[in-house]
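Chemist: As input, take work13.pdb (PDB, C-alpha atoms):
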```pdb
ATOM      1  CA  MET A   5     137.021  16.452 191.152
ATOM      2  CA  PRO A   6     133.836  14.503 190.223
ATOM      3  CA  LEU A   7     130.613  16.528 190.115
ATOM      4  CA  LYS A   8     129.095  14.544 193.007
ATOM      5  CA  GLN A   9     132.033  15.371 195.297
ATOM      6  CA  ILE A  10     131.723  19.058 194.391
ATOM      7  CA  LEU A  11     127.993  19.021 195.157
ATOM      8  CA  MET A  12     128.570  17.124 198.405
ATOM      9  CA  LYS A  13     130.592  20.095 199.658
ATOM     10  CA  LEU A  14     128.157  22.647 198.294
ATOM     11  CA  LYS A  15     128.180  26.030 200.034
ATOM     12  CA  VAL A  16     124.840  27.784 199.684
ATOM     13  CA  PRO A  17     124.780  31.559 200.376
ATOM     14  CA  ASP A  18     122.579  32.526 203.336
ATOM     15  CA  LEU A  19     120.122  34.454 201.191
ATOM     16  CA  LEU A  20     119.654  31.535 198.786
ATOM     17  CA  GLU A  21     119.382  28.815 201.426
ATOM     18  CA  PRO A  22     115.552  29.000 201.869
ATOM     19  CA  ILE A  23     115.075  28.875 198.079
ATOM     20  CA  TYR A  24     117.508  25.970 197.758
ATOM     21  CA  TYR A  25     115.788  24.003 200.521
ATOM     22  CA  LYS A  26     112.314  24.668 199.107
ATOM     23  CA  SER A  27     113.406  23.475 195.670
ATOM     24  CA  LEU A  28     114.293  20.110 197.231
ATOM     25  CA  HIS A  29     110.931  19.588 198.959
ATOM     26  CA  PRO A  30     109.191  17.862 196.010
ATOM     27  CA  ILE A  31     112.080  15.397 195.666
ATOM     28  CA  GLY A  32     112.155  14.776 199.411
ATOM     29  CA  ASN A  33     108.414  14.105 199.518
ATOM     30  CA  LEU A  34     108.690  11.641 196.628
ATOM     31  CA  ARG A  35     110.934   9.473 198.823
ATOM     32  CA  ARG A  36     108.218   8.032 201.055
ATOM     33  CA  GLY A  37     110.530   6.106 203.367
ATOM     34  CA  GLU A  38     109.547   3.239 205.669
ATOM     35  CA  ASN A  39     106.992   3.706 208.410
ATOM     36  CA  ILE A  40     107.921   2.256 211.813
ATOM     37  CA  PHE A  41     104.341   0.960 212.122
ATOM     38  CA  ASP A  42     104.837  -1.251 209.064
ATOM     39  CA  THR A  43     107.024  -3.527 211.216
ATOM     40  CA  ASN A  44     105.926  -5.587 214.212
ATOM     41  CA  TRP A  45     107.601  -4.648 217.492
ATOM     42  CA  ASP A  46     106.821  -4.658 221.198
ATOM     43  CA  LEU A  47     109.176  -1.780 221.983
ATOM     44  CA  CYS A  48     110.424   0.852 219.524
ATOM     45  CA  LEU A  49     113.053   3.379 220.609
ATOM     46  CA  ILE A  50     113.529   6.601 218.647
ATOM     47  CA  LEU A  51     116.953   8.225 219.083
ATOM     48  CA  ASP A  52     116.250  11.690 217.775
ATOM     49  CA  ALA A  53     118.514  12.920 214.939
ATOM     50  CA  CYS A  54     120.753   9.835 214.892
ATOM     51  CA  ARG A  55     122.662   9.204 211.672
ATOM     52  CA  PHE A  56     123.289   5.596 210.674
ATOM     53  CA  ASP A  57     127.039   6.080 210.248
ATOM     54  CA  LEU A  58     127.271   7.706 213.678
ATOM     55  CA  LEU A  59     125.643   4.714 215.327
ATOM     56  CA  GLN A  60     127.917   2.376 213.384
ATOM     57  CA  GLU A  61     130.932   4.073 214.976
ATOM     58  CA  VAL A  62     129.859   3.072 218.487
ATOM     59  CA  SER A  63     127.969  -0.148 217.773
ATOM     60  CA  ASP A  64     130.796  -2.410 219.002
ATOM     61  CA  GLU A  65     130.615  -0.696 222.426
ATOM     62  CA  TYR A  66     127.060  -1.939 223.100
ATOM     63  CA  SER A  67     126.059  -5.585 222.863
ATOM     64  CA  PHE A  68     122.488  -4.726 221.892
ATOM     65  CA  LEU A  69     123.708  -2.877 218.755
ATOM     66  CA  SER A  70     125.215  -5.891 216.991
ATOM     67  CA  ASN A  71     124.845  -5.915 213.200
ATOM     68  CA  PRO A  72     123.030  -2.562 212.796
ATOM     69  CA  ASP A  73     120.999  -2.149 209.630
ATOM     70  CA  SER A  74     119.478   1.003 208.134
ATOM     71  CA  LYS A  75     116.202   2.223 206.654
ATOM     72  CA  LEU A  76     114.955   5.337 204.900
ATOM     73  CA  SER A  77     113.030   7.629 207.229
ATOM     74  CA  VAL A  78     109.718   9.117 206.110
ATOM     75  CA  ASP A  79     111.086  12.679 206.470
ATOM     76  CA  SER A  80     114.056  14.734 207.636
ATOM     77  CA  LYS A  81     112.416  16.813 210.394
ATOM     78  CA  THR A  82     110.461  15.594 213.406
ATOM     79  CA  ASP A  83     107.218  17.514 212.864
ATOM     80  CA  ALA A  84     106.842  16.102 209.345
ATOM     81  CA  TRP A  85     108.048  12.674 210.507
ATOM     82  CA  THR A  86     105.345  12.689 213.197
ATOM     83  CA  ARG A  87     102.526  13.683 210.865
ATOM     84  CA  LYS A  88     103.518  11.182 208.174
ATOM     85  CA  THR A  89     104.234   8.344 210.591
ATOM     86  CA  PHE A  90     100.970   8.532 212.509
ATOM     87  CA  SER A  91      98.640   9.522 209.649
ATOM     88  CA  ARG A  92      99.824   6.564 207.545
ATOM     89  CA  ALA A  93      99.659   3.961 210.324
ATOM     90  CA  ASP A  94      96.725   1.561 210.532
ATOM     91  CA  ALA A  95      94.232   2.143 213.329
ATOM     92  CA  HIS A  96      94.862  -1.214 215.001
ATOM     93  CA  SER A  97      98.582  -0.514 215.416
ATOM     94  CA  LEU A  98      97.881   2.915 216.894
ATOM     95  CA  ASN A  99      95.222   1.590 219.284
ATOM     96  CA  ASP A 100      97.768  -0.836 220.733
ATOM     97  CA  THR A 101     100.561   1.742 221.134
ATOM     98  CA  ALA A 102     101.517   3.769 224.194
ATOM     99  CA  TYR A 103     103.796   6.682 223.265
ATOM    100  CA  VAL A 104     106.333   8.247 225.657
ATOM    101  CA  SER A 105     107.917  11.297 224.005
ATOM    102  CA  ALA A 106     110.587  13.876 224.870
ATOM    103  CA  ASN A 107     110.069  15.777 221.612
ATOM    104  CA  PRO A 108     107.561  18.675 221.625
ATOM    105  CA  PHE A 109     106.476  17.699 218.122
ATOM    106  CA  SER A 110     104.499  14.825 219.636
ATOM    107  CA  GLN A 111     101.745  17.462 219.636
ATOM    108  CA  GLU A 112     101.701  17.127 215.819
ATOM    109  CA  ILE A 113     100.056  13.682 215.978
ATOM    110  CA  PRO A 114      96.886  14.074 213.882
ATOM    111  CA  ASP A 115      94.605  12.242 216.347
ATOM    112  CA  GLU A 116      95.958  11.360 219.794
ATOM    113  CA  SER A 117      92.730   9.555 220.679
ATOM    114  CA  GLN A 118      93.737   6.726 218.344
ATOM    115  CA  LEU A 119      96.631   5.813 220.633
ATOM    116  CA  ASP A 120      96.414   3.616 223.696
ATOM    117  CA  SER A 121      97.981   6.542 225.576
ATOM    118  CA  ILE A 122     100.468   9.363 225.122
ATOM    119  CA  ASP A 123     102.873  10.860 227.644
ATOM    120  CA  HIS A 124     104.151  14.288 226.557
ATOM    121  CA  VAL A 125     107.192  14.147 228.830
ATOM    122  CA  TRP A 126     108.566  17.408 227.415
ATOM    123  CA  GLU A 127     105.708  19.238 229.157
ATOM    124  CA  TYR A 128     107.033  18.463 232.638
ATOM    125  CA  GLY A 129     110.453  16.802 232.252
ATOM    126  CA  TRP A 130     112.198  19.718 230.548
ATOM    127  CA  ASP A 131     115.598  20.848 231.894
ATOM    128  CA  GLN A 132     115.450  24.605 231.412
ATOM    129  CA  GLU A 133     119.173  25.140 231.955
ATOM    130  CA  GLY A 134     120.160  22.338 229.611
ATOM    131  CA  GLY A 135     117.583  23.201 226.967
ATOM    132  CA  THR A 136     116.350  19.634 226.501
ATOM    133  CA  VAL A 137     114.716  16.625 228.159
ATOM    134  CA  PRO A 138     117.449  14.534 229.810
ATOM    135  CA  PRO A 139     117.346  10.889 228.735
ATOM    136  CA  ARG A 140     116.932   9.569 232.296
ATOM    137  CA  VAL A 141     113.478  11.150 232.488
ATOM    138  CA  ILE A 142     112.399   9.213 229.398
ATOM    139  CA  THR A 143     113.924   5.982 230.684
ATOM    140  CA  ASP A 144     112.065   6.355 233.975
ATOM    141  CA  ARG A 145     108.726   7.182 232.355
ATOM    142  CA  ALA A 146     109.021   4.272 229.906
ATOM    143  CA  ILE A 147     109.794   1.810 232.721
ATOM    144  CA  GLN A 148     106.864   3.132 234.751
ATOM    145  CA  LYS A 149     104.530   2.795 231.785
ATOM    146  CA  HIS A 150     105.671  -0.749 231.077
ATOM    147  CA  ARG A 151     105.387  -1.927 234.674
ATOM    148  CA  SER A 152     102.073  -0.223 235.433
ATOM    149  CA  ASP A 153     100.125  -0.834 232.220
ATOM    150  CA  SER A 154     102.027  -3.402 230.103
ATOM    151  CA  PRO A 155     100.895  -1.883 226.783
ATOM    152  CA  GLU A 156     100.811  -4.106 223.729
ATOM    153  CA  SER A 157     103.362  -1.824 222.012
ATOM    154  CA  LEU A 158     105.503   0.871 223.609
ATOM    155  CA  LEU A 159     107.015   3.686 221.520
ATOM    156  CA  VAL A 160     109.720   5.662 223.334
ATOM    157  CA  HIS A 161     111.169   8.861 221.853
ATOM    158  CA  TYR A 162     114.449  10.129 223.331
ATOM    159  CA  LEU A 163     115.689  13.600 222.333
ATOM    160  CA  GLN A 164     119.358  12.630 222.169
ATOM    161  CA  PRO A 165     121.653  12.627 220.192
ATOM    162  CA  HIS A 166     119.875  15.765 218.936
ATOM    163  CA  VAL A 167     121.599  18.989 220.019
ATOM    164  CA  PRO A 168     122.373  20.278 222.595
ATOM    165  CA  PHE A 169     125.332  17.888 222.887
ATOM    166  CA  ILE A 170     125.177  17.603 226.663
ATOM    167  CA  PRO A 171     128.273  15.566 227.714
ATOM    168  CA  TRP A 172     130.633  17.404 225.370
ATOM    169  CA  GLU A 173     129.121  20.719 226.394
ATOM    170  CA  GLN A 174     129.675  20.012 230.068
ATOM    171  CA  LYS A 175     133.300  18.925 229.859
ATOM    172  CA  THR A 176     134.744  21.050 227.055
ATOM    173  CA  PRO A 177     137.450  23.416 228.324
ATOM    174  CA  LEU A 178     135.998  26.126 226.084
ATOM    175  CA  GLY A 179     133.143  26.539 228.535
ATOM    176  CA  ARG A 180     129.372  26.256 228.282
ATOM    177  CA  GLY A 181     127.464  27.628 225.341
ATOM    178  CA  ASN A 182     129.623  26.100 222.591
ATOM    179  CA  PHE A 183     126.902  23.741 221.391
ATOM    180  CA  GLY A 184     123.782  25.665 222.312
ATOM    181  CA  LEU A 185     123.329  25.375 226.090
ATOM    182  CA  ASN A 186     122.540  28.750 227.676
ATOM    183  CA  GLY A 187     122.914  30.247 224.227
ATOM    184  CA  ASP A 188     120.772  30.457 221.132
ATOM    185  CA  GLY A 189     119.957  26.776 220.975
ATOM    186  CA  ALA A 190     120.599  24.304 218.196
ATOM    187  CA  ASN A 191     120.555  26.945 215.482
ATOM    188  CA  ASP A 192     123.673  28.370 217.082
ATOM    189  CA  THR A 193     125.455  25.011 216.885
ATOM    190  CA  TRP A 194     124.821  24.418 213.205
ATOM    191  CA  GLN A 195     125.278  28.055 212.220
ATOM    192  CA  ARG A 196     128.605  28.261 214.042
ATOM    193  CA  PHE A 197     129.740  25.081 212.333
ATOM    194  CA  ARG A 198     128.633  26.440 208.977
ATOM    195  CA  ASN A 199     130.559  29.651 209.711
ATOM    196  CA  SER A 200     133.682  27.585 210.527
ATOM    197  CA  GLU A 201     133.623  28.671 214.186
ATOM    198  CA  LEU A 202     133.341  24.988 215.075
ATOM    199  CA  SER A 203     135.232  22.302 213.176
ATOM    200  CA  LEU A 204     133.706  19.126 211.804
ATOM    201  CA  SER A 205     135.775  17.074 214.249
ATOM    202  CA  GLU A 206     134.452  19.127 217.204
ATOM    203  CA  VAL A 207     130.838  18.823 216.098
ATOM    204  CA  TRP A 208     131.143  15.126 215.284
ATOM    205  CA  LYS A 209     132.769  14.417 218.656
ATOM    206  CA  GLY A 210     129.976  16.258 220.471
ATOM    207  CA  TYR A 211     127.391  14.388 218.396
ATOM    208  CA  ARG A 212     129.018  11.015 219.142
ATOM    209  CA  GLU A 213     129.306  11.728 222.880
ATOM    210  CA  ASN A 214     125.623  12.641 222.982
ATOM    211  CA  LEU A 215     124.784   9.349 221.295
ATOM    212  CA  ARG A 216     126.754   7.415 223.913
ATOM    213  CA  TYR A 217     124.934   9.436 226.567
ATOM    214  CA  VAL A 218     121.536   8.211 225.394
ATOM    215  CA  LEU A 219     122.713   4.669 224.592
ATOM    216  CA  ASP A 220     123.732   4.240 228.230
ATOM    217  CA  GLU A 221     120.093   5.002 229.068
ATOM    218  CA  VAL A 222     118.863   2.591 226.406
ATOM    219  CA  LYS A 223     120.967  -0.116 228.055
ATOM    220  CA  LEU A 224     119.287   0.634 231.384
ATOM    221  CA  LEU A 225     115.843   0.598 229.794
ATOM    222  CA  LEU A 226     116.444  -2.763 228.120
ATOM    223  CA  GLU A 227     117.287  -4.226 231.551
ATOM    224  CA  ASN A 228     114.014  -3.001 233.043
ATOM    225  CA  VAL A 229     111.257  -3.832 230.545
ATOM    226  CA  ASP A 230     110.147  -7.088 228.955
ATOM    227  CA  ALA A 231     110.013  -7.030 225.155
ATOM    228  CA  GLU A 232     110.673  -9.883 222.760
ATOM    229  CA  ARG A 233     110.836  -7.633 219.686
ATOM    230  CA  VAL A 234     112.742  -4.380 220.180
ATOM    231  CA  VAL A 235     113.605  -1.894 217.427
ATOM    232  CA  ILE A 236     116.111   0.958 217.866
ATOM    233  CA  THR A 237     115.893   3.590 215.141
ATOM    234  CA  SER A 238     115.630   7.355 214.547
ATOM    235  CA  ASP A 239     113.272   9.918 213.079
ATOM    236  CA  HIS A 240     116.002  11.506 210.912
ATOM    237  CA  GLY A 241     119.734  12.244 210.757
ATOM    238  CA  ASN A 242     121.779  15.436 210.529
ATOM    239  CA  GLY A 243     123.633  17.041 207.657
ATOM    240  CA  VAL A 244     127.194  18.110 208.421
ATOM    241  CA  GLY A 245     127.666  20.077 205.231
ATOM    242  CA  GLU A 246     126.772  17.443 202.639
ATOM    243  CA  TRP A 247     124.804  18.954 199.753
ATOM    244  CA  GLY A 248     124.755  22.251 201.670
ATOM    245  CA  ILE A 249     122.731  20.735 204.532
ATOM    246  CA  TYR A 250     123.439  21.615 208.160
ATOM    247  CA  GLY A 251     121.203  20.027 210.751
ATOM    248  CA  HIS A 252     117.932  18.611 209.429
ATOM    249  CA  PRO A 253     115.691  20.904 207.368
ATOM    250  CA  ILE A 254     112.268  19.556 206.454
ATOM    251  CA  HIS A 255     111.547  17.381 203.366
ATOM    252  CA  MET A 256     115.186  16.784 202.351
ATOM    253  CA  PRO A 257     115.940  13.800 200.074
ATOM    254  CA  PHE A 258     119.583  13.144 201.039
ATOM    255  CA  SER A 259     120.896  10.112 202.887
ATOM    256  CA  CYS A 260     122.672  12.229 205.511
ATOM    257  CA  VAL A 261     119.261  13.208 206.912
ATOM    258  CA  ARG A 262     117.081  10.294 205.770
ATOM    259  CA  LYS A 263     119.217   7.160 206.300
ATOM    260  CA  VAL A 264     118.590   6.082 209.895
ATOM    261  CA  PRO A 265     119.659   3.093 212.009
ATOM    262  CA  TRP A 266     117.477   0.025 212.311
ATOM    263  CA  VAL A 267     118.585  -2.343 215.061
ATOM    264  CA  THR A 268     116.612  -5.307 216.405
ATOM    265  CA  THR A 269     117.193  -6.746 219.859
ATOM    266  CA  THR A 270     115.314  -7.938 222.960
ATOM    267  CA  ALA A 271     114.693  -6.659 226.487
ATOM    268  CA  GLU A 272     114.202  -8.330 229.867
ATOM    269  CA  ASP A 273     113.051  -6.715 233.100
ATOM    270  CA  ARG A 274     115.701  -7.683 235.652
ATOM    271  CA  GLY A 275     114.548  -5.073 238.121
ATOM    272  CA  THR A 276     117.879  -3.243 238.208
ATOM    273  CA  HIS A 277     116.341   0.249 238.353
ATOM    274  CA  MET A 278     113.547   1.926 240.304
ATOM    275  CA  PRO A 279     112.281   4.914 238.285
ATOM    276  CA  GLN A 280     111.920   8.355 239.812
ATOM    277  CA  GLU A 281     108.593  10.173 239.938
ATOM    278  CA  TYR A 282     108.186  13.435 237.978
ATOM    279  CA  GLU A 283     105.474  15.916 238.825
ATOM    280  CA  ALA A 284     106.767  19.490 238.531
ATOM    281  CA  ALA A 285     105.557  21.382 235.484
ATOM    282  CA  SER A 286     108.124  23.248 233.407
ATOM    283  CA  GLU A 287     107.906  27.038 233.308
ATOM    284  CA  THR A 288     109.373  27.059 229.794
ATOM    285  CA  THR A 289     106.867  27.592 226.975
ATOM    286  CA  THR A 290     106.567  25.196 224.054
ATOM    287  CA  THR A 291     107.992  27.847 221.728
ATOM    288  CA  GLU A 292     111.010  28.293 223.999
ATOM    289  CA  LYS A 293     111.559  24.540 224.038
ATOM    290  CA  LEU A 294     111.424  24.345 220.263
ATOM    291  CA  ARG A 295     113.807  27.305 220.031
ATOM    292  CA  ALA A 296     116.297  25.539 222.333
ATOM    293  CA  LEU A 297     116.222  22.577 219.955
ATOM    294  CA  GLY A 298     116.708  24.779 216.908
ATOM    295  CA  TYR A 299     113.223  24.371 215.444
ATOM    296  CA  VAL A 300     112.249  28.020 215.926
ATOM    297  CA  GLY A 301     114.486  30.881 214.855
TER     298      GLY A 301
END
```
Could you show the structure in this file as structure tokens?
Modeler:
Amino acid sequence: MPLKQILMKLKVPDLLEPIYYKSLHPIGNLRRGENIFDTNWDLCLILDACRFDLLQEVSDEYSFLSNPDSKLSVDSKTDAWTRKTFSRADAHSLNDTAYVSANPFSQEIPDESQLDSIDHVWEYGWDQEGGTVPPRVITDRAIQKHRSDSPESLLVHYLQPHVPFIPWEQKTPLGRGNFGLNGDGANDTWQRFRNSELSLSEVWKGYRENLRYVLDEVKLLLENVDAERVVITSDHGNGVGEWGIYGHPIHMPFSCVRKVPWVTTTAEDRGTHMPQEYEAASETTTTEKLRALGYVG
């Protein structure tokens, strides 16, 4: 077997995993990637943790995903992606951008005052039972922002297809908790897969179903905002065992976690959806939210 194929299926002992990951950080940081703010767009949609090859699998099911391309992300974990993306963007681009985010790492933006506005949806739109922000909340908030303020540029960050894999979780005959809901969060999903308690086919199916779940919301959003230049991309991917990577550790250099979709399309507000109002504050702490997503052990 060629050396590359052996390394692609590398099994790193638990005790050596932190050392192995840290040894890759310098290489990962040398790969600067492409900043979303280096491209002109009116609407940019971030599908959290979406691999390029995963999106390719479902692209023929959605007309707005025709001919998907890919780019190299600036990092492999959202907190680092956020810091690098916003610190390296020019001030003019930031001043024109309204940001609607489901990911708690939106708090890592170096200087929020540079933005036109920021909506930390995770602060009040969190589903405590599900352990995530449902995509409909983000769709509604993005439509409201567009219709009320018409920002020059609108950046919308969905949490899906990041774990928990909601549709698969809800309908699997094995019961809830298989992919993190009501359990130990995303760490449980990837650790169970690594321990062979979940098969690759099970994890990939859950991952793909979660992508369809959010793409249905993207379709709704694109029918309810006006945008001539729309970009659909991701902050990072997920490793499913390649090079000993499970999930998306920080500063990794590998394509499985750095190669993300890059799709261009358009949007037109046809008025097919009236967004819901959201006011209730979540009782879940930020640390608990990050733990549910697998960012905190």
Chemist: For CA of Lys15 (chain A) and CA of Ser80 (chain A), quote the distance in Å rounded to one decimal.
Modeler: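 Taking CA of Lys15 (chain A) as the start and CA of Ser80 (chain A) as the end point, the length is 19.6 Å.
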Chemist: Show me, as a PyMOL selection string, the residues that have an atom within 9 Å of His150 (chain A) when counting only C-alpha atoms, minus same-chain residues fewer than 5 positions from it.
Modeler: chain A and resi 145+155+158+228-230
Chemist: Can you check which parts of region 60-117 of chain A lie within 12 Å of region 221-226 of chain A? Per residue, the shortest pair of atoms and distance in Å to one decimal, counting all atoms listed in the file, sorted by chain and number, as a Markdown table.
Modeler:
```
| residue | atom | partner | partner_atom | distance |
| --- | --- | --- | --- | --- |
| A:Glu65 | CA | A:Lys223 | CA | 11.2 |
| A:Tyr66 | CA | A:Lys223 | CA | 8.1 |
| A:Ser67 | CA | A:Lys223 | CA | 9.1 |
| A:Phe68 | CA | A:Lys223 | CA | 7.8 |
| A:Leu69 | CA | A:Lys223 | CA | 10.1 |
```
Chemist: I'd like the interatomic distance between CA of Phe56 (chain A) and CA of Pro168 (chain A), to a tenth of an Å.
Modeler: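 So the two atoms, CA of Phe56 (chain A) and CA of Pro168 (chain A), lie 18.9 Å apart.
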Chemist: Within 12 Å of Asn214 (chain A), counting all atoms listed in the file, which residues qualify if same-chain residues fewer than 2 places away don't, as a ChimeraX atom specification?
Modeler: /A:51-54,58-59,62,138-139,162-174,183,207-212,216-221
Chemist: Enter the distance from CA of Ile122 (chain A) to CA of Pro279 (chain A), in Å, rounded to one decimal.
Modeler: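 Straight-line distance from CA of Ile122 (chain A) to CA of Pro279 (chain A) works out to 18.2 Å.
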Chemist: Just checking: using all atoms listed in the file, which residue out of A:Ile147, A:Val78, A:Leu20, A:Val137 ends up closest to Glu281 (chain A)?
Modeler: A:Ile147
Chemist: With only C-alpha atoms as the atoms that count, which of A:Pro114, A:Leu19, A:Gly275, A:Ser63 lies nearest to Gln148 (chain A)?
Modeler: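 Residue with the minimum atom-to-atom distance to Gln148 (chain A): A:Gly275.
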Chemist: Hey, what comes out of the PyMOL selection byres ((chain A and resi 117) around 12) on this file? Could you write it as a ChimeraX atom specification?
Modeler: /A:90,95,98-103,113-116,118-122
Chemist: If we count only C-alpha atoms, what is near Asp83 (chain A) at a cut-off of 8 Å, once residues fewer than 5 positions away on the same chain are taken out, given as a list in words?
Modeler: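 Near neighbours after the sequence-gap exclusion: Phe109, Ser110 and Glu112 of chain A.
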